[in-house]
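Report on one structure; see the data block that follows.
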Amino acid sequence: MNTEAGLLEDRTCKMIRSILLTCKGGTTAEKLYSDYRDMVGEGIPYRKLGYDTLNNFLKSIPDYCRTTRNNKGEIIVTGVADDSTRHMQDFLLRSKSKKRIQSVKGPTRRPMQHSTHWNPPAQQVQRGGRVPYMQRPFGRGGGQGPPRGTGRAGGGNRGVGRGRGNRFNNNVQRAPLREPKEAFGRSSRGSGYNPGPKNFSGNKQVKSPPRGQQAARQNSRPQTNFKGDLEKYFVQHNLGDVPYKVAVVGSKGKEKYMATVTVEGTQFKTYPQTFNSRVEAEEAVAKEVVQKLGILTGGDAGSCAETTDPVIYSSRVAELLGSRHNGVWSTQVEKEYQAKYEERLPSLWYQEAEALNKIRVDCPVLGFGRYIVFPVVPPQLNKEQSPEVLSVGNQIQPPMLQYPVEELWDVYVTYLRSTTDVSVRLIGSDYSEKFDELSGSMDLHYYDKNAIPGVQLPEIGKLYAAYVSADWHRVKVVELRGIMCTCVFLDHGDQDTIPIEDLREIAPKFLELPAQAIYISLSGLEDYEYNDNILFRLNELLLGKSLVAKVDNRSELSDLHKPGVFPRMVLFDTSSEEVDVNINQKLIELLISEDYQSRLPQAGGEEIQVFLLHIAKNGDLFVRKDSESYATIEKLIRENVEKISTNGPSGLIGLNHLYLARCPEDQKLYRAEVLETEKVNGKYKVFLVDVGKACEVEALEIYDLSNVCETLADMPRLALKCSLEGVPPEGHTWSEEASAALRELVPENQAVKLKVLGGPPDCPKVELNQTDSNQGSINFDLSTEFDIFPAVLTGRSTDSPLSSPVKLGDGNAAPVGGESLSNMFNSLSGAKPLLSPVLPAEGEHFDVKVTCAVSPSSFIVQPYNETEKLQALMAEMDNFYSAEENLVEMKVDYLIEGEYFAGRHSDGYWYRVRITKCIDTINVAVRLVDYGDLSMLNISDMQPLWKNFRILPLQAINAKLANIKPVDCDWRPEDTVWFSNRVADQEFVSIIKKRTPSLGDDFECVLHLVLIDTSHPSIDKFIDQELIEDKRAVAVVPSDKGSD
């Protein structure tokens, strides 16, 4: 046997053993062939190895498997363990077939009828449709979810800032990188578990015939030779002698005989029938075996020849099937074949015919041994379904989930992000039970993870199997960054970032079940979507629980779970025998109670007492309701001072996050939010959320509140923004004199009465009155003093330099000057593309930051000296595209491969992107051109990249390490992990050795670099030399370390 064939046989045998050892009791040859094909991508290559049938090949490898037949005549294959896999076999023999993903139990009962009559309060009209989580980024913060499997936490909060390494850590003081110490002188390196078909024993209880008939039969000699047929079978299959066992019953002189025989693990008996002689009993049990195993070669069975040529019988079977596209049972095909051609089909005939692409085979019940055979027809697109529903690329997608018909559903909450974006799974025989079977089947299918080839180059938008905390999951890849990928979990509803090495190609059989996660909103809670305390409450009441859901809009939903309209639910906890807990109602009551402290009343509502905390330069007021909440906050801060000192300052500074900050005016700690990520005079500008004023604070005086006290983080912000109705008078502006006059009327510690008259919810117009006076309002007193309000100067332009190229009104985009939006996009598509960065010449130093790293042969760098420009650009884009008036309605026609756009990433921030592929009508694959990541974005997260954002050159540069190559033919997984951990998000001095054209991607060139770590004050560390010394790489030319 030549070397290539030997390697193929070795790989094939090991894979067969791996599959079989996960099947307690063995499996059928047909099932083994199917599992091998699903795992490897092709069937068992026994023909390439010189065998005419699969059975002969399996018999030739007794060190890996053993073949027998069950009482239905099916070939049963059992794995044979070696020393390295004995533990796996022992484990399976000792254990039951458990599923690591816990089965979900349904709710205790359905809610009582009167409970479901509750109607949620009317909500404000929401602008635009909600985009489901699988098609949109996190936006405002992350979500929470229960573990998918043992020991694994859910996605959790995404952390602070942009969550993309430390690329946005503005707390780091920027300085030029240190030059290498010498001219590169010497320096030291500092299931559904499927056990196969059941062995039906042949001990069928057959009543004895009447005494007369029995006597007649026992007195007659056998007319057939079933014993001979069975002996021939044993000789043909090298099974030795037939192991008859004969039992004698009755008294002496009246002996009767019963026989048993075991054939390939299955026992056959004559019991309860008895016979007058040993020979008759053996003949009777032999007949039972021969007839049940279908090995009739003599006697009264008759015989016919077997068709042995696969080409002949495959064509005949295809002709028999004709246009019966609904399929025919394999047993029926065998009968029709024998009736028409007077020949038998051989064992495993359908595998041979399928390999020749004459038929398609499906096993509706695993291990049952019966198959449905279909004619092969060219694939045709269902006109009623859009292409994106059927497939992405060449991959067939799971079918859409079918909703229950009734309006009460049993659900299990898997993940949550807000009141309008909750993920649930349906409970029931058609949903959770099938999902449990799928989970068990995937665990068994991928049991020997290391024996299954990994995914080298994942594709954006493609489905894979992912191994996460000892469980296998169905995932869709939506972003690639170095050796990591971000995936949507189809059956859990969240996103997570995992190593690419934990992906495997998903077998088609695991795509037959619809994605189980569906996206819902909580009826009556739409107005509280981004309430600060909502995640905590949702987590407490919903997460990981089985509940009953009343679907308020069931009549508006289609039968299938589709993008567009989503279920709006009222959830009930029925775990108590007598009380139904309406969770929506409970949440509303809790939030309203908390809201009393965190909101001003509605316009025309009650009059409340407040303290005037701060007066802004533009006349906005910050007030706090008269309550004990602020005293509680001060007490909690005092009690946690020691813990604050121990934890130290916050390492990351970002927006939309609550901190503790020390105010420089009084040196006291306050709860605060960062207003800008850019420093001003070396300090951050923060807003003190309980006293209503802004100040500038050193980075070392900002502390992460979430690590100090959860109660402090959960309490509502007490400083409420408003402005005075009618003040200043029309045509006048606010002034310092006006602030002084107001403060004189309302001292800091004096309560006043406040009534909301109107205005926007985030800054309502209010009227202030003294608590002990029935005279005119404070508003009136101020508005009559015209001398403290300067007149507005005319002729000044208020346009921002970043004002939108389009004006929005009534929801319709109207381009400036009457230009159509399509023409505007056409002009942008013809605009000059983003320029490549100016690079030093070959042999020169180039200070870089590595943003992501796949391997030493593929990583992304940015010019280090452009960092501040890039951060300024990102801040401008975030400010611009975060303003709703600057956004335009995007259409699929505007999205062109190769064009540049602004895209909102899953971290909620905007990036410059280039479309690499249009996946379907709503999703595109993009490259973040300043960071190098690949990501999948929804059309709702795309905007035109206007010309003022195209000035800065592209920042992401494709690179590889010079001077080395991997020890093996390619980089090993452990090498890529080491390299990514060593260089990602780090700054280096590099030397450009050469540049070559970039092939097979959307980069202009590849830089061959020597990376030098100069972070140590006196030691230079060469990354290529570290790889060589660790025996991860070998030099192809002398290293620059030590050369001139």
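Please note that chains go A, B, ... in the order of the structure tokens, that every chain numbers its residues from 1, and that ligands are numbered from 1 in the order shown.
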query = Among segment 829-969 of chain A, which residues carry a DSSP assignment of alpha helix (DSSP H), reported as number ranges by chain?
reply = A: 829, 867-881
File dump, residues just selected, C-alpha atoms, as a PDB file, in the first residue's frame:
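And here's out-v5.pdb as it stands now:
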ATOM      1  CA  SER A 829     -20.200  56.608  -5.046  1.00  0.00           C
ATOM      2  CA  THR A 867      -3.939  57.740  16.701  1.00  0.00           C
ATOM      3  CA  GLU A 868      -5.164  61.129  17.914  1.00  0.00           C
ATOM      4  CA  LYS A 869      -6.511  62.048  14.468  1.00  0.00           C
ATOM      5  CA  LEU A 870      -8.428  58.787  14.317  1.00  0.00           C
ATOM      6  CA  GLN A 871      -9.915  59.287  17.771  1.00  0.00           C
ATOM      7  CA  ALA A 872     -10.999  62.804  16.825  1.00  0.00           C
ATOM      8  CA  LEU A 873     -12.623  61.463  13.652  1.00  0.00           C
ATOM      9  CA  MET A 874     -14.435  58.752  15.592  1.00  0.00           C
ATOM     10  CA  ALA A 875     -15.760  61.309  18.090  1.00  0.00           C
ATOM     11  CA  GLU A 876     -17.012  63.540  15.254  1.00  0.00           C
ATOM     12  CA  MET A 877     -18.739  60.617  13.549  1.00  0.00           C
ATOM     13  CA  ASP A 878     -20.384  59.514  16.792  1.00  0.00           C
ATOM     14  CA  ASN A 879     -21.685  63.006  17.492  1.00  0.00           C
ATOM     15  CA  PHE A 880     -22.910  63.464  13.930  1.00  0.00           C
ATOM     16  CA  TYR A 881     -24.623  60.109  13.346  1.00  0.00           C
TER      17      TYR A 881
END
query = Could you name the residues that touch Pro375 of chain A at 8 Å or less, counting only C-alpha atoms, but leaving out those on the same chain fewer than 3 positions away, as a PyMOL selection string?
reply = chain A and resi 318+321-325+327+358-360
query = Could you write out, as number ranges by chain, all the residues of segment 558-675 of chain A that DSSP marks as strand (DSSP E or B)?
reply = A: 560, 568-573, 581-582, 608-615, 621-625, 658-662, 669-674
For those residues, write C-alpha atoms to a file as a CSV table (one decimal), in the first residue's frame.
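And here is the file that came out, out-v2.csv:
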chain,number,residue,atom,x,y,z
A,560,LEU,CA,-43.9,31.9,11.0
A,568,ARG,CA,-45.8,41.5,22.1
A,569,MET,CA,-46.3,39.6,25.3
A,570,VAL,CA,-47.8,39.8,28.8
A,571,LEU,CA,-45.8,37.2,31.0
A,572,PHE,CA,-47.3,35.3,33.9
A,573,ASP,CA,-45.5,33.4,36.6
A,581,VAL,CA,-48.1,36.9,39.0
A,582,ASN,CA,-48.6,39.3,36.1
A,608,ILE,CA,-44.2,69.0,43.7
A,609,GLN,CA,-41.6,70.4,45.9
A,610,VAL,CA,-38.0,70.5,44.7
A,611,PHE,CA,-34.6,72.0,45.5
A,612,LEU,CA,-32.8,74.1,42.8
A,613,LEU,CA,-29.4,72.4,42.5
A,614,HIS,CA,-27.7,74.2,39.6
A,615,ILE,CA,-28.3,76.8,36.9
A,621,LEU,CA,-32.1,74.2,35.6
A,622,PHE,CA,-31.3,71.1,37.5
A,623,VAL,CA,-33.6,70.3,40.4
A,624,ARG,CA,-34.0,67.4,42.9
A,625,LYS,CA,-37.3,66.3,44.5
A,658,LEU,CA,-21.9,55.5,36.0
A,659,TYR,CA,-18.8,56.3,38.1
A,660,LEU,CA,-17.8,57.8,41.3
A,661,ALA,CA,-15.8,61.0,40.8
A,662,ARG,CA,-14.1,63.4,43.3
A,669,LEU,CA,-17.2,61.9,46.0
A,670,TYR,CA,-20.3,62.1,43.7
A,671,ARG,CA,-22.0,59.7,41.3
A,672,ALA,CA,-21.0,60.9,37.8
A,673,GLU,CA,-21.2,60.3,34.1
A,674,VAL,CA,-18.4,61.1,31.6
query = What separation in Å, quoted to one decimal, exists between atom CA of Val477 of chain A and atom CA of Leu463 of chain A?
reply =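 Those two atoms sit 6.6 Å apart.
Those residues that approach Ala738 of chain A to within 10 Å, counting only C-alpha atoms, are Ile615, Lys617, Gly619, Val727, Pro728, Glu744, Leu782, Ser783, Glu785, Phe786, Asp787, Ile788, Phe789 and Pro790 of chain A; same-chain residues fewer than 6 positions away are not listed.
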Write out, as a compact mmCIF listing (two decimals), in the first residue's frame, the residues just selected, with all heavy atoms.
# COMPACT_ATOMS: atom_id res chain seq x y z
N ILE A 615 -27.80 76.02 38.09
CA ILE A 615 -28.30 76.80 36.95
C ILE A 615 -27.20 76.81 35.89
O ILE A 615 -26.10 77.31 36.15
CB ILE A 615 -28.64 78.25 37.37
CG1 ILE A 615 -29.60 78.24 38.57
CG2 ILE A 615 -29.24 79.01 36.20
CD1 ILE A 615 -29.77 79.60 39.22
N LYS A 617 -25.29 77.68 32.21
CA LYS A 617 -25.01 78.95 31.55
C LYS A 617 -26.09 79.32 30.54
O LYS A 617 -26.29 80.50 30.25
CB LYS A 617 -23.65 78.90 30.88
CG LYS A 617 -22.48 78.85 31.86
CD LYS A 617 -21.14 78.84 31.11
CE LYS A 617 -19.98 78.82 32.10
NZ LYS A 617 -18.67 78.79 31.40
N GLY A 619 -29.25 78.65 30.94
CA GLY A 619 -30.52 78.82 31.62
C GLY A 619 -31.22 77.52 31.97
O GLY A 619 -32.28 77.55 32.62
N VAL A 727 -39.16 82.26 30.16
CA VAL A 727 -37.93 82.92 30.62
C VAL A 727 -36.75 82.28 29.90
O VAL A 727 -36.62 81.03 29.94
CB VAL A 727 -37.75 82.77 32.15
CG1 VAL A 727 -36.49 83.50 32.61
CG2 VAL A 727 -38.98 83.27 32.90
N PRO A 728 -35.90 83.11 29.25
CA PRO A 728 -35.97 84.57 29.11
C PRO A 728 -37.08 84.98 28.14
O PRO A 728 -37.60 84.15 27.40
CB PRO A 728 -34.59 84.91 28.55
CG PRO A 728 -34.19 83.70 27.78
CD PRO A 728 -34.73 82.52 28.55
N GLU A 744 -30.89 84.29 43.84
CA GLU A 744 -31.30 85.16 44.96
C GLU A 744 -32.74 84.87 45.35
O GLU A 744 -33.09 84.89 46.53
CB GLU A 744 -31.13 86.62 44.55
CG GLU A 744 -31.45 87.61 45.67
CD GLU A 744 -31.24 89.05 45.25
OE1 GLU A 744 -30.71 89.28 44.14
OE2 GLU A 744 -31.61 89.95 46.02
N LEU A 782 -38.98 87.06 37.08
CA LEU A 782 -37.76 87.15 36.27
C LEU A 782 -38.04 87.75 34.89
O LEU A 782 -37.25 88.54 34.37
CB LEU A 782 -37.12 85.76 36.11
CG LEU A 782 -36.33 85.21 37.29
CD1 LEU A 782 -35.86 83.80 36.98
CD2 LEU A 782 -35.13 86.09 37.60
N SER A 783 -39.14 87.36 34.28
CA SER A 783 -39.39 87.76 32.88
C SER A 783 -39.60 89.26 32.72
O SER A 783 -39.48 89.80 31.62
CB SER A 783 -40.61 87.01 32.34
OG SER A 783 -41.79 87.39 33.05
N GLU A 785 -37.76 91.54 34.19
CA GLU A 785 -36.49 92.25 34.37
C GLU A 785 -35.68 92.12 33.07
O GLU A 785 -34.78 91.29 32.96
CB GLU A 785 -35.72 91.68 35.56
CG GLU A 785 -36.47 91.83 36.88
CD GLU A 785 -35.63 91.37 38.07
OE1 GLU A 785 -34.39 91.49 37.98
OE2 GLU A 785 -36.22 90.90 39.05
N PHE A 786 -36.03 92.93 32.07
CA PHE A 786 -35.40 92.83 30.76
C PHE A 786 -33.91 93.16 30.79
O PHE A 786 -33.16 92.73 29.93
CB PHE A 786 -36.12 93.74 29.77
CG PHE A 786 -37.48 93.24 29.37
CD1 PHE A 786 -38.62 93.64 30.06
CD2 PHE A 786 -37.61 92.35 28.31
CE1 PHE A 786 -39.86 93.16 29.71
CE2 PHE A 786 -38.87 91.88 27.96
CZ PHE A 786 -40.00 92.28 28.64
N ASP A 787 -33.49 93.93 31.78
CA ASP A 787 -32.09 94.35 31.78
C ASP A 787 -31.12 93.21 32.06
O ASP A 787 -29.93 93.31 31.80
CB ASP A 787 -31.88 95.46 32.81
CG ASP A 787 -32.34 95.04 34.20
OD1 ASP A 787 -33.28 94.23 34.28
OD2 ASP A 787 -31.74 95.52 35.18
N ILE A 788 -31.61 92.10 32.64
CA ILE A 788 -30.70 90.97 32.91
C ILE A 788 -30.68 89.96 31.76
O ILE A 788 -29.96 88.97 31.83
CB ILE A 788 -31.08 90.26 34.23
CG1 ILE A 788 -32.47 89.65 34.13
CG2 ILE A 788 -30.98 91.22 35.42
CD1 ILE A 788 -32.85 88.81 35.35
N PHE A 789 -31.47 90.19 30.70
CA PHE A 789 -31.52 89.28 29.55
C PHE A 789 -31.09 90.03 28.30
O PHE A 789 -31.86 90.84 27.78
CB PHE A 789 -32.93 88.71 29.35
CG PHE A 789 -33.44 87.90 30.51
CD1 PHE A 789 -34.48 88.37 31.30
CD2 PHE A 789 -32.86 86.67 30.81
CE1 PHE A 789 -34.95 87.64 32.36
CE2 PHE A 789 -33.33 85.93 31.88
CZ PHE A 789 -34.37 86.41 32.66
N PRO A 790 -29.87 89.82 27.80
CA PRO A 790 -29.41 90.52 26.59
C PRO A 790 -30.26 90.15 25.39
O PRO A 790 -30.79 89.04 25.28
CB PRO A 790 -27.97 90.03 26.43
CG PRO A 790 -27.59 89.45 27.75
CD PRO A 790 -28.84 88.94 28.36
inquiry  = So that I can see what lies close to Tyr313 of chain A, please list as JSON, numbers by chain the residues with an atom at most 9 Å from it, counting only C-alpha atoms and leaving out residues fewer than 4 positions away in the same chain.
reply    = {"A": [307, 308, 309, 317, 318, 337, 345, 349, 353]}
task = Find the residues around segment 923-935 of chain A up to 8 Å (only C-alpha atoms counted), leave out those fewer than 3 positions away in its own chain, and share them as a PyMOL selection string.
result = chain A and resi 135+460-461+478-482+851-852+860-862+911-920+938-939+954-958
request  = Skip Leu490 of chain A itself and residues of its chain fewer than 4 positions away, then list as JSON, numbers by chain all residues within 7 Å of it, counting only C-alpha atoms.
outcome  = {"A": [474, 475, 515, 516, 517]}
request  = Would you mind reading off the distance between atom CA of Asp471 of chain A and atom CA of Leu21 of chain A, one decimal, in Å?
outcome  = 18.5 Å
query = Expressed in Å to a single decimal, how great is the separation between atom CA of Met400 of chain A and atom CA of Ile500 of chain A?
reply =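 For atom CA of Met400 of chain A relative to atom CA of Ile500 of chain A, the distance reads 27.0 Å.
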message = Env of segment 53-63 of chain A: 10 Å cut, atoms = only C-alpha atoms, seq-sep filter 5 positions within chain, self excluded. Answer as JSON, numbers by chain.
response = {"A": [9, 13, 16, 17, 29, 30, 33, 44, 45, 46, 47, 68, 75, 77, 79, 80, 81, 82, 237, 346, 347, 348, 349, 351, 352]}
